[in-house]
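One structure below.
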Amino acid sequence: MVESTTARVLMDHDDVRRVVARLAHEVNDALQAAQRGPLGLDPSKLAIVGIRTGGAHLAFRLAEQLGIVMGRVPEVGVLDITLYRDDVLSGAAMPILKGTEIDFDVDGRPIVLVDDVLFTGRTVRAALDALLDMGRPTCVLLAVLVDRGLRELPIAASFTGRAVETTRDERVDVHLVEEGATADQVVVRVARDRRAR
Amino acid sequence: MTAKQKLLSVPHLLGIEGLTRDDAILILDTAQSFVEVNSRQLKKVPALRGRLVALLFFENSTRTRLSFELAAKRLSADTLNFSASGSSVQKGETLLDTARNIEAMGPDLVVVRHEASGAPWHLSRVMSGAIANAGDGQHEHPTQALLDAFTLLSRWRRTAAQGLDGKTVCIVGDISRSRVARSNMLLLKLLGARVRVAGPATMLPAALADVYGVDVYDDVDDALFSGDGVDAVMMLRIQKERAARAVMGSDDDYAVGYGLHRERFDRLHAANDGIVVMHPGPINRGVEIDAAVADSSSSVILDQTENGVAVRMAVLYLLAVGMARTDVGSAA
């Protein structure tokens, strides 16, 4: 009951689907343009890497959409950044490892890193360190479903699904069907609701 | 959060005794993630950067020390090596004084091997870091048992949560003096395996069956072939430095009576071609195990060594994050 007064739905099921499809087009356009650019990217070498847990599901969805747009489904890997977090030994982060599953060589490939919510930028910093420890991609681009602002590091998304202004005492929850939700939904709520849940 | 998200129920790893089944599953699942790290070209993660791991080896050991040291380094921790030979211990320093001096250097984690049973427990009372037992006297060697269980699960393509139900493991050797046997009996049972132990009667303590719930045999062939047979056989190293000659007889007598010689292995392999042969090392070729058997495709001896690093990374990591969360809890 308390939740209904302080929570607002930022994206519903159809919004999430539409935004992922749009991101696929943007990624494809950027790669096609970059193919002719100075880096000489090869779009056929594209790989998608999702950050556990929400980003991983979105990475598979983005790859599926890219398959429709590009005619070829890019390889997908999943990154567990727990061992690279700056707060794992301060007790703030959940330290349970779920494992990294990247079964391809990242060397010489354009990589699109995917996360659900871009906030302080610390997760992306950790993900970049983890990814670069695995090899030397030609370039790394960042796609996020939601950018909620409040960056603490100089990090920006290359492709943004939805940008929203939030405050520090708010949370942005992304519910995905892969995680057991009945429908996809992005909700902004005041963080003290956490206790009520 | 779900039960899977809980951390270790203990602040130190003093033995398998005291661990819950969930603890064992957490360590083994975490080790699986470190196997992936160890398969990379750059086998290093920054998780324990800036932390200090003290390796206190009061008793000689090469492979366990190397394994723990490599584990600490792959987690980006700094290491402090202390070994008894050529140290202040030989000059008469007590365990407590040594501990106090190491403590002054502020280690976050302390790995201890000692010839006295209970030494790690004693250190856990006087040092502020988390303690990992790397083998104490005739008591326990928990990381050896964990890497053995990990190796069996990998070989049988099972998850830790699936456990070892329906499998029978036979431990052969000097059960009474072996901390490896003790830790393994406890962990194998915890994970649901049936355990048989075999050795000369002089090497089998009386209360084994009652205390550990294992089946005891003084004839190794009975242990390996009776009933439905066994799925894995773990040969213990004959500890010539510990067992008196009178207890074990000559090497040749032991090899014929209790060793995994060629003929015995062939019979075992004929009964179960998926038989898994294990040995904690270092092996006495031709005594407790035939050289060709140790190198056969049934042998997982080198997998044990390889998995040891991942399992020890998991133990160090989980002890470190456990300490961090305890600090937060007490500060709140």
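Quick note on naming: the chains in the structure tokens go A, B, ... in the order shown, residues restart at 1 in each chain, and ligands are numbered from 1 in order of appearance.
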
#### Entry: Distance query Val164 of chain A at most 8 Å, only C-alpha atoms, self and fewer than 5 positions along chain excluded, as a ChimeraX atom specification
/A:146-149

What parts of segment 129-172 of chain A does DSSP call strand (DSSP E)? I'd like the answer as an mmCIF file with C-alpha atoms, in the first residue's frame.
data_model
loop_
_atom_site.group_PDB
_atom_site.id
_atom_site.type_symbol
_atom_site.label_atom_id
_atom_site.label_comp_id
_atom_site.auth_asym_id
_atom_site.auth_seq_id
_atom_site.Cartn_x
_atom_site.Cartn_y
_atom_site.Cartn_z
ATOM 1 C CA CYS A 139 36.552 -0.846 -28.694
ATOM 2 C CA VAL A 140 33.995 -1.095 -25.923
ATOM 3 C CA LEU A 141 30.599 0.575 -26.209
ATOM 4 C CA LEU A 142 28.077 0.799 -23.393
ATOM 5 C CA ALA A 143 24.339 0.175 -23.735
ATOM 6 C CA VAL A 144 22.006 0.691 -20.760
ATOM 7 C CA LEU A 145 18.269 0.332 -20.340
ATOM 8 C CA VAL A 146 18.043 3.237 -17.864
ATOM 9 C CA ASP A 147 20.435 6.084 -17.067
ATOM 10 C CA PHE A 159 23.355 3.947 -26.112
ATOM 11 C CA THR A 160 20.708 4.903 -23.564
ATOM 12 C CA GLY A 161 17.232 3.367 -23.413
ATOM 13 C CA ARG A 162 15.651 5.916 -21.091
ATOM 14 C CA ALA A 163 17.257 8.761 -19.134
ATOM 15 C CA GLU A 170 15.363 6.628 -4.672
ATOM 16 C CA ARG A 171 15.893 3.174 -6.129
ATOM 17 C CA VAL A 172 15.390 2.072 -9.711
#

Distance cut-off 9 Å, counting only C-alpha atoms - which residues of chain A neighbour chain B? Return them as an mmCIF file with N, CA and C atoms, in the first residue's frame.
data_model
loop_
_atom_site.group_PDB
_atom_site.id
_atom_site.type_symbol
_atom_site.label_atom_id
_atom_site.label_comp_id
_atom_site.auth_asym_id
_atom_site.auth_seq_id
_atom_site.Cartn_x
_atom_site.Cartn_y
_atom_site.Cartn_z
ATOM 1 N N THR A 82 31.858 -9.191 -9.498
ATOM 2 C CA THR A 82 32.008 -9.169 -8.035
ATOM 3 C C THR A 82 33.466 -9.019 -7.586
ATOM 4 N N LEU A 83 34.377 -9.776 -8.220
ATOM 5 C CA LEU A 83 35.783 -9.771 -7.798
ATOM 6 C C LEU A 83 36.491 -8.469 -8.167
ATOM 7 N N TYR A 84 35.814 -7.607 -8.949
ATOM 8 C CA TYR A 84 36.405 -6.340 -9.379
ATOM 9 C C TYR A 84 35.760 -5.140 -8.706
ATOM 10 N N ARG A 85 34.780 -5.381 -7.843
ATOM 11 C CA ARG A 85 34.074 -4.264 -7.210
ATOM 12 C C ARG A 85 34.943 -3.586 -6.170
ATOM 13 N N ASP A 86 34.730 -2.269 -5.982
ATOM 14 C CA ASP A 86 35.544 -1.556 -4.990
ATOM 15 C C ASP A 86 34.917 -1.632 -3.600
ATOM 16 N N VAL A 88 33.542 -4.764 -2.319
ATOM 17 C CA VAL A 88 33.289 -6.150 -1.914
ATOM 18 C C VAL A 88 33.895 -6.451 -0.545
ATOM 19 N N LEU A 89 35.012 -5.787 -0.220
ATOM 20 C CA LEU A 89 35.622 -6.025 1.084
ATOM 21 C C LEU A 89 35.208 -4.987 2.129
ATOM 22 N N SER A 90 34.306 -4.098 1.755
ATOM 23 C CA SER A 90 33.796 -3.166 2.759
ATOM 24 C C SER A 90 32.450 -3.667 3.270
ATOM 25 N N GLY A 91 32.011 -4.789 2.736
ATOM 26 C CA GLY A 91 30.768 -5.381 3.218
ATOM 27 C C GLY A 91 29.533 -4.834 2.535
ATOM 28 N N ALA A 92 29.714 -3.897 1.592
ATOM 29 C CA ALA A 92 28.550 -3.278 0.950
ATOM 30 C C ALA A 92 27.966 -4.148 -0.157
ATOM 31 N N MET A 94 27.161 -7.646 -2.352
ATOM 32 C CA MET A 94 26.905 -9.066 -2.105
ATOM 33 C C MET A 94 28.044 -9.857 -2.733
ATOM 34 N N PRO A 95 28.783 -10.600 -1.913
ATOM 35 C CA PRO A 95 30.009 -11.212 -2.431
ATOM 36 C C PRO A 95 29.849 -12.600 -3.084
ATOM 37 N N ILE A 96 28.617 -13.060 -3.257
ATOM 38 C CA ILE A 96 28.440 -14.390 -3.852
ATOM 39 C C ILE A 96 28.790 -14.372 -5.345
ATOM 40 N N LEU A 97 29.653 -15.304 -5.762
ATOM 41 C CA LEU A 97 30.074 -15.359 -7.162
ATOM 42 C C LEU A 97 29.108 -16.218 -7.976
ATOM 43 N N LYS A 98 28.724 -15.691 -9.131
ATOM 44 C CA LYS A 98 27.857 -16.465 -10.029
ATOM 45 C C LYS A 98 28.626 -16.904 -11.275
ATOM 46 N N GLY A 99 29.823 -16.375 -11.424
ATOM 47 C CA GLY A 99 30.670 -16.837 -12.525
ATOM 48 C C GLY A 99 30.583 -15.997 -13.788
ATOM 49 N N THR A 100 31.753 -15.864 -14.439
ATOM 50 C CA THR A 100 31.833 -15.202 -15.737
ATOM 51 C C THR A 100 31.774 -16.275 -16.810
ATOM 52 N N GLU A 101 30.980 -16.042 -17.835
ATOM 53 C CA GLU A 101 30.900 -17.007 -18.939
ATOM 54 C C GLU A 101 31.111 -16.274 -20.250
ATOM 55 N N ALA A 130 37.379 -5.804 -15.609
ATOM 56 C CA ALA A 130 37.223 -7.255 -15.767
ATOM 57 C C ALA A 130 37.356 -7.647 -17.232
ATOM 58 N N ASP A 133 40.912 -7.324 -18.596
ATOM 59 C CA ASP A 133 41.789 -8.396 -18.108
ATOM 60 C C ASP A 133 41.666 -9.637 -18.986
ATOM 61 N N MET A 134 40.590 -9.714 -19.759
ATOM 62 C CA MET A 134 40.370 -10.908 -20.580
ATOM 63 C C MET A 134 40.931 -10.761 -21.984
ATOM 64 N N GLY A 135 41.397 -9.569 -22.322
ATOM 65 C CA GLY A 135 41.959 -9.382 -23.653
ATOM 66 C C GLY A 135 41.902 -7.927 -24.066
#

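Going from atom CA of Leu176 of chain A to atom CA of Leu118 of chain A covers 16.5 Å.
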
### Residue neighbourhood segment 52-66 of chain A, 10 Å, only C-alpha atoms, exclusion window fewer than 6 positions, as a PyMOL selection string
chain A and resi 16-17+19-28+46+72-82+98-100+112-117+127+143-145+174-179

Please report as JSON lines every residue of segment 124-158 of chain B lying within 8 Å of segment 104-119 of chain B, along with the nearest atom pair and their distance in Å (one decimal), using only C-alpha atoms.
{"residue": "B:Ser128", "atom": "CA", "partner": "B:Asp108", "partner_atom": "CA", "distance": 7.6}
{"residue": "B:Gly129", "atom": "CA", "partner": "B:Asp108", "partner_atom": "CA", "distance": 4.6}
{"residue": "B:Ala130", "atom": "CA", "partner": "B:Leu109", "partner_atom": "CA", "distance": 4.8}
{"residue": "B:Ile131", "atom": "CA", "partner": "B:Val110", "partner_atom": "CA", "distance": 4.8}
{"residue": "B:Ala132", "atom": "CA", "partner": "B:Val111", "partner_atom": "CA", "distance": 4.7}
{"residue": "B:Asn133", "atom": "CA", "partner": "B:Val112", "partner_atom": "CA", "distance": 5.2}
{"residue": "B:Ala134", "atom": "CA", "partner": "B:Arg113", "partner_atom": "CA", "distance": 4.8}
{"residue": "B:Gly135", "atom": "CA", "partner": "B:Arg113", "partner_atom": "CA", "distance": 5.0}
{"residue": "B:Asp136", "atom": "CA", "partner": "B:Ser117", "partner_atom": "CA", "distance": 4.7}
{"residue": "B:Gly137", "atom": "CA", "partner": "B:Ser117", "partner_atom": "CA", "distance": 4.3}
{"residue": "B:Gln138", "atom": "CA", "partner": "B:Ser117", "partner_atom": "CA", "distance": 6.0}
{"residue": "B:His139", "atom": "CA", "partner": "B:Ser117", "partner_atom": "CA", "distance": 5.3}
{"residue": "B:Glu140", "atom": "CA", "partner": "B:Ser117", "partner_atom": "CA", "distance": 7.9}

Run DSSP on the backbone and give me the residues of chain A it puts in alpha helix (DSSP H), as an mmCIF file with N, CA and C atoms, in the first residue's frame.
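Listed below is the output, selection-v1.cif:
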data_model
loop_
_atom_site.group_PDB
_atom_site.id
_atom_site.type_symbol
_atom_site.label_atom_id
_atom_site.label_comp_id
_atom_site.auth_asym_id
_atom_site.auth_seq_id
_atom_site.Cartn_x
_atom_site.Cartn_y
_atom_site.Cartn_z
ATOM 1 N N VAL A 2 1.892 1.240 0.879
ATOM 2 C CA VAL A 2 2.809 2.372 0.942
ATOM 3 C C VAL A 2 3.507 2.529 -0.409
ATOM 4 N N GLU A 3 3.817 1.387 -1.010
ATOM 5 C CA GLU A 3 4.560 1.409 -2.265
ATOM 6 C C GLU A 3 3.811 2.145 -3.368
ATOM 7 N N SER A 4 2.501 1.954 -3.420
ATOM 8 C CA SER A 4 1.732 2.526 -4.523
ATOM 9 C C SER A 4 1.779 4.056 -4.497
ATOM 10 N N THR A 5 1.972 4.646 -3.321
ATOM 11 C CA THR A 5 2.002 6.104 -3.256
ATOM 12 C C THR A 5 3.384 6.660 -3.575
ATOM 13 N N THR A 6 4.445 5.876 -3.370
ATOM 14 C CA THR A 6 5.781 6.422 -3.567
ATOM 15 C C THR A 6 6.493 5.815 -4.781
ATOM 16 N N HIS A 13 6.053 -3.266 -19.684
ATOM 17 C CA HIS A 13 6.541 -4.396 -20.474
ATOM 18 C C HIS A 13 6.831 -4.003 -21.938
ATOM 19 N N ASP A 14 5.842 -3.322 -22.574
ATOM 20 C CA ASP A 14 6.011 -2.957 -23.984
ATOM 21 C C ASP A 14 7.120 -1.925 -24.165
ATOM 22 N N ASP A 15 7.227 -0.991 -23.190
ATOM 23 C CA ASP A 15 8.298 0.013 -23.261
ATOM 24 C C ASP A 15 9.664 -0.657 -23.298
ATOM 25 N N VAL A 16 9.851 -1.651 -22.424
ATOM 26 C CA VAL A 16 11.154 -2.320 -22.339
ATOM 27 C C VAL A 16 11.458 -3.013 -23.672
ATOM 28 N N ARG A 17 10.461 -3.707 -24.219
ATOM 29 C CA ARG A 17 10.653 -4.404 -25.505
ATOM 30 C C ARG A 17 11.024 -3.417 -26.615
ATOM 31 N N ARG A 18 10.255 -2.326 -26.667
ATOM 32 C CA ARG A 18 10.504 -1.330 -27.719
ATOM 33 C C ARG A 18 11.889 -0.725 -27.588
ATOM 34 N N VAL A 19 12.274 -0.423 -26.365
ATOM 35 C CA VAL A 19 13.563 0.237 -26.143
ATOM 36 C C VAL A 19 14.722 -0.687 -26.534
ATOM 37 N N VAL A 20 14.615 -1.972 -26.215
ATOM 38 C CA VAL A 20 15.683 -2.905 -26.585
ATOM 39 C C VAL A 20 15.794 -3.004 -28.111
ATOM 40 N N ALA A 21 14.636 -3.005 -28.793
ATOM 41 C CA ALA A 21 14.644 -3.066 -30.263
ATOM 42 C C ALA A 21 15.300 -1.799 -30.834
ATOM 43 N N ARG A 22 14.984 -0.651 -30.216
ATOM 44 C CA ARG A 22 15.579 0.605 -30.692
ATOM 45 C C ARG A 22 17.090 0.614 -30.457
ATOM 46 N N LEU A 23 17.509 0.104 -29.300
ATOM 47 C CA LEU A 23 18.947 0.053 -29.002
ATOM 48 C C LEU A 23 19.673 -0.792 -30.041
ATOM 49 N N ALA A 24 19.039 -1.866 -30.484
ATOM 50 C CA ALA A 24 19.662 -2.730 -31.495
ATOM 51 C C ALA A 24 19.909 -1.947 -32.784
ATOM 52 N N HIS A 25 18.925 -1.145 -33.180
ATOM 53 C CA HIS A 25 19.102 -0.324 -34.382
ATOM 54 C C HIS A 25 20.224 0.683 -34.197
ATOM 55 N N GLU A 26 20.278 1.294 -33.020
ATOM 56 C CA GLU A 26 21.325 2.289 -32.759
ATOM 57 C C GLU A 26 22.714 1.656 -32.771
ATOM 58 N N VAL A 27 22.814 0.460 -32.195
ATOM 59 C CA VAL A 27 24.100 -0.239 -32.182
ATOM 60 C C VAL A 27 24.512 -0.552 -33.615
ATOM 61 N N ASN A 28 23.571 -1.044 -34.399
ATOM 62 C CA ASN A 28 23.866 -1.394 -35.785
ATOM 63 C C ASN A 28 24.290 -0.164 -36.590
ATOM 64 N N ASP A 29 23.557 0.953 -36.425
ATOM 65 C CA ASP A 29 23.901 2.181 -37.144
ATOM 66 C C ASP A 29 25.309 2.642 -36.777
ATOM 67 N N ALA A 30 25.618 2.596 -35.482
ATOM 68 C CA ALA A 30 26.930 3.057 -35.018
ATOM 69 C C ALA A 30 28.043 2.186 -35.595
ATOM 70 N N LEU A 31 27.804 0.879 -35.642
ATOM 71 C CA LEU A 31 28.825 -0.027 -36.166
ATOM 72 C C LEU A 31 29.029 0.170 -37.663
ATOM 73 N N GLN A 32 27.929 0.351 -38.370
ATOM 74 C CA GLN A 32 28.044 0.567 -39.822
ATOM 75 C C GLN A 32 28.825 1.846 -40.093
ATOM 76 N N ALA A 33 28.538 2.889 -39.294
ATOM 77 C CA ALA A 33 29.236 4.162 -39.468
ATOM 78 C C ALA A 33 30.714 4.004 -39.113
ATOM 79 N N ALA A 34 30.984 3.258 -38.041
ATOM 80 C CA ALA A 34 32.355 3.106 -37.568
ATOM 81 C C ALA A 34 33.184 2.247 -38.525
ATOM 82 N N GLN A 35 32.493 1.400 -39.299
ATOM 83 C CA GLN A 35 33.191 0.554 -40.273
ATOM 84 C C GLN A 35 33.932 1.420 -41.281
ATOM 85 N N GLY A 54 20.901 -8.409 -14.234
ATOM 86 C CA GLY A 54 19.961 -7.781 -15.157
ATOM 87 C C GLY A 54 20.553 -7.544 -16.536
ATOM 88 N N GLY A 55 21.816 -7.073 -16.554
ATOM 89 C CA GLY A 55 22.468 -6.776 -17.824
ATOM 90 C C GLY A 55 22.649 -8.013 -18.689
ATOM 91 N N ALA A 56 22.786 -9.170 -18.044
ATOM 92 C CA ALA A 56 22.991 -10.407 -18.786
ATOM 93 C C ALA A 56 21.733 -10.765 -19.580
ATOM 94 N N HIS A 57 20.577 -10.649 -18.945
ATOM 95 C CA HIS A 57 19.321 -10.953 -19.651
ATOM 96 C C HIS A 57 19.116 -9.992 -20.805
ATOM 97 N N LEU A 58 19.406 -8.702 -20.531
ATOM 98 C CA LEU A 58 19.222 -7.694 -21.574
ATOM 99 C C LEU A 58 20.206 -7.917 -22.725
ATOM 100 N N ALA A 59 21.403 -8.446 -22.416
ATOM 101 C CA ALA A 59 22.392 -8.721 -23.462
ATOM 102 C C ALA A 59 21.855 -9.771 -24.435
ATOM 103 N N PHE A 60 21.213 -10.801 -23.891
ATOM 104 C CA PHE A 60 20.655 -11.842 -24.767
ATOM 105 C C PHE A 60 19.512 -11.274 -25.619
ATOM 106 N N ARG A 61 18.712 -10.390 -25.017
ATOM 107 C CA ARG A 61 17.617 -9.782 -25.775
ATOM 108 C C ARG A 61 18.149 -8.871 -26.881
ATOM 109 N N LEU A 62 19.195 -8.103 -26.522
ATOM 110 C CA LEU A 62 19.781 -7.193 -27.507
ATOM 111 C C LEU A 62 20.376 -7.991 -28.672
ATOM 112 N N ALA A 63 21.030 -9.097 -28.351
ATOM 113 C CA ALA A 63 21.639 -9.941 -29.390
ATOM 114 C C ALA A 63 20.561 -10.489 -30.324
ATOM 115 N N GLU A 64 19.436 -10.876 -29.734
ATOM 116 C CA GLU A 64 18.344 -11.417 -30.532
ATOM 117 C C GLU A 64 17.814 -10.346 -31.509
ATOM 118 N N GLN A 65 17.664 -9.128 -30.992
ATOM 119 C CA GLN A 65 17.197 -8.021 -31.830
ATOM 120 C C GLN A 65 18.220 -7.673 -32.903
ATOM 121 N N LEU A 66 19.503 -7.738 -32.536
ATOM 122 C CA LEU A 66 20.562 -7.465 -33.513
ATOM 123 C C LEU A 66 20.548 -8.518 -34.610
ATOM 124 N N GLY A 67 20.156 -9.725 -34.239
ATOM 125 C CA GLY A 67 20.036 -10.807 -35.228
ATOM 126 C C GLY A 67 19.021 -10.420 -36.293
ATOM 127 N N ILE A 68 17.920 -9.776 -35.883
ATOM 128 C CA ILE A 68 16.891 -9.353 -36.833
ATOM 129 C C ILE A 68 17.417 -8.212 -37.705
ATOM 130 N N VAL A 69 18.103 -7.259 -37.050
ATOM 131 C CA VAL A 69 18.579 -6.071 -37.768
ATOM 132 C C VAL A 69 19.766 -6.385 -38.685
ATOM 133 N N MET A 70 20.712 -7.192 -38.176
ATOM 134 C CA MET A 70 21.957 -7.444 -38.915
ATOM 135 C C MET A 70 21.928 -8.739 -39.710
ATOM 136 N N ARG A 122 30.317 3.072 -11.056
ATOM 137 C CA ARG A 122 31.310 2.176 -10.450
ATOM 138 C C ARG A 122 31.205 0.748 -10.987
ATOM 139 N N THR A 123 29.985 0.308 -11.250
ATOM 140 C CA THR A 123 29.796 -1.026 -11.818
ATOM 141 C C THR A 123 30.454 -1.121 -13.193
ATOM 142 N N VAL A 124 30.268 -0.060 -13.991
ATOM 143 C CA VAL A 124 30.851 -0.059 -15.336
ATOM 144 C C VAL A 124 32.378 -0.015 -15.246
ATOM 145 N N ARG A 125 32.892 0.756 -14.308
ATOM 146 C CA ARG A 125 34.356 0.796 -14.094
ATOM 147 C C ARG A 125 34.868 -0.614 -13.805
ATOM 148 N N ALA A 126 34.179 -1.318 -12.908
ATOM 149 C CA ALA A 126 34.590 -2.677 -12.557
ATOM 150 C C ALA A 126 34.483 -3.601 -13.768
ATOM 151 N N ALA A 127 33.402 -3.429 -14.530
ATOM 152 C CA ALA A 127 33.191 -4.280 -15.706
ATOM 153 C C ALA A 127 34.277 -4.052 -16.754
ATOM 154 N N LEU A 128 34.684 -2.788 -16.931
ATOM 155 C CA LEU A 128 35.739 -2.490 -17.902
ATOM 156 C C LEU A 128 37.051 -3.147 -17.481
ATOM 157 N N ASP A 129 37.378 -3.060 -16.183
ATOM 158 C CA ASP A 129 38.600 -3.711 -15.692
ATOM 159 C C ASP A 129 38.536 -5.216 -15.923
ATOM 160 N N ALA A 130 37.379 -5.804 -15.609
ATOM 161 C CA ALA A 130 37.223 -7.255 -15.767
ATOM 162 C C ALA A 130 37.356 -7.647 -17.232
ATOM 163 N N LEU A 131 36.721 -6.871 -18.098
ATOM 164 C CA LEU A 131 36.730 -7.179 -19.532
ATOM 165 C C LEU A 131 38.136 -7.028 -20.111
ATOM 166 N N LEU A 132 38.835 -5.961 -19.723
ATOM 167 C CA LEU A 132 40.166 -5.713 -20.290
ATOM 168 C C LEU A 132 41.198 -6.704 -19.750
ATOM 169 N N ASP A 193 11.291 2.273 1.214
ATOM 170 C CA ASP A 193 10.313 1.209 0.991
ATOM 171 C C ASP A 193 10.940 -0.168 1.117
ATOM 172 N N ARG A 194 12.238 -0.210 0.947
ATOM 173 C CA ARG A 194 12.988 -1.454 1.023
ATOM 174 C C ARG A 194 12.610 -2.249 2.276
ATOM 175 N N ARG A 195 12.485 -1.528 3.391
ATOM 176 C CA ARG A 195 12.171 -2.213 4.650
ATOM 177 C C ARG A 195 10.754 -2.762 4.632
ATOM 178 N N ALA A 196 9.865 -2.034 3.934
ATOM 179 C CA ALA A 196 8.466 -2.454 3.901
ATOM 180 C C ALA A 196 8.272 -3.699 3.044
#

### Message
List the spatial neighbours of Ala294 of chain B as a VMD selection string - criterion: any atom at most 10 Å away, only C-alpha atoms, same-chain residues fewer than 4 positions off excluded.
### Response
chain B and resid 260 to 261 277 to 279 283 285 to 286 289 to 290 298 to 302

### Task
Do a neighbour search on Arg262 of chain B at 12 Å with only C-alpha atoms, toss out local chain neighbours closer than 5 positions, and write the hits as a ChimeraX atom specification.
/B:255-256,267-269,285-296
